[in-house]
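For reference, the structure is listed below as structure tokens.
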Amino acid sequence: MSEENVAVVREVCAAWERGDWAASVGRYDPDLKVVYSTSAFPDAGTYRGGRVALDAWNRWLDAWEEFSMEFVDLIDAGEEIIALIRLRGRGRESGATVVADQGVIFECDRGTIKRMVFCDREEALEAAGLRE
């Protein structure tokens, strides 16, 4: 995997940690494909285009009174870059506190993100050829 692609994923994860979900829009392919896995997100599905995927993400965020994402680790897995993340939140309706370790599988080409799969940690590690 190119250093350029790894740098782009680090940049995106840093923006997410700041809660700036749209900061890296220029890094996404116009036909970006985003998959919100059924194992990790209630509004599961595949979304085409950055704006459409961001709208789905924002709908999901509406369920949280408080929400943050922490970048934990990055794994260069050849064709893919795996970001391990920790989500923390407090539900708007329930008030329940949630801490969840998740993953994002990135496919990039020359510094452009072409595909992202938001999934559970185990699925992300399997994509990297690792197991816990």
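By order of appearance in the structure tokens: chains A, B, ..., then residues from 1 within every chain, and ligands from 1 in the order shown.
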
Find the residues around segment 91-108 of chain A up to 7 Å (only C-alpha atoms counted), leave out those fewer than 2 positions away in its own chain, and share them as a list in words.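 Surrounding residues, per the criterion: Asn5, Ala63, Trp64, Glu65, Glu79, Glu80, Ile81, Ile82, Ala83, Leu84, Ile85, Arg86, Leu87, Arg88, Gly89, Arg110, Gly111, Thr112, Ile113, Lys114, Arg115, Met116, Val117, Phe118, Cys119, Asp120, Arg121 and Ala124 of chain A.
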
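Counting from atom CA of Val6 of chain A, the distance to atom CA of Gly78 of chain A is 10.6 Å.
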
Find the residue from A:Thr38, A:Thr46, A:Ser2, A:Ser68 that sits nearest to Trp16 of chain A; use only C-alpha atoms when measuring.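 Among the listed residues, A:Ser68 lies closest to Trp16 of chain A.
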
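Of note, atom CA of Tyr28 of chain A and atom CA of Val8 of chain A are spaced 9.8 Å apart.
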
Identify all residues of chain A in alpha helix (DSSP H) (DSSP on the backbone) and supply them as number ranges by chain. A: 3-17, 50-61, 121-127

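Here atom CA of Ala7 of chain A is placed at a distance of 22.9 Å from atom CA of Trp57 of chain A.
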
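Shortest separation to Gly19 of chain A among A:Phe67, A:Asp76, A:Glu123, A:Arg90 occurs at residue A:Phe67, atoms counted being only C-alpha atoms.
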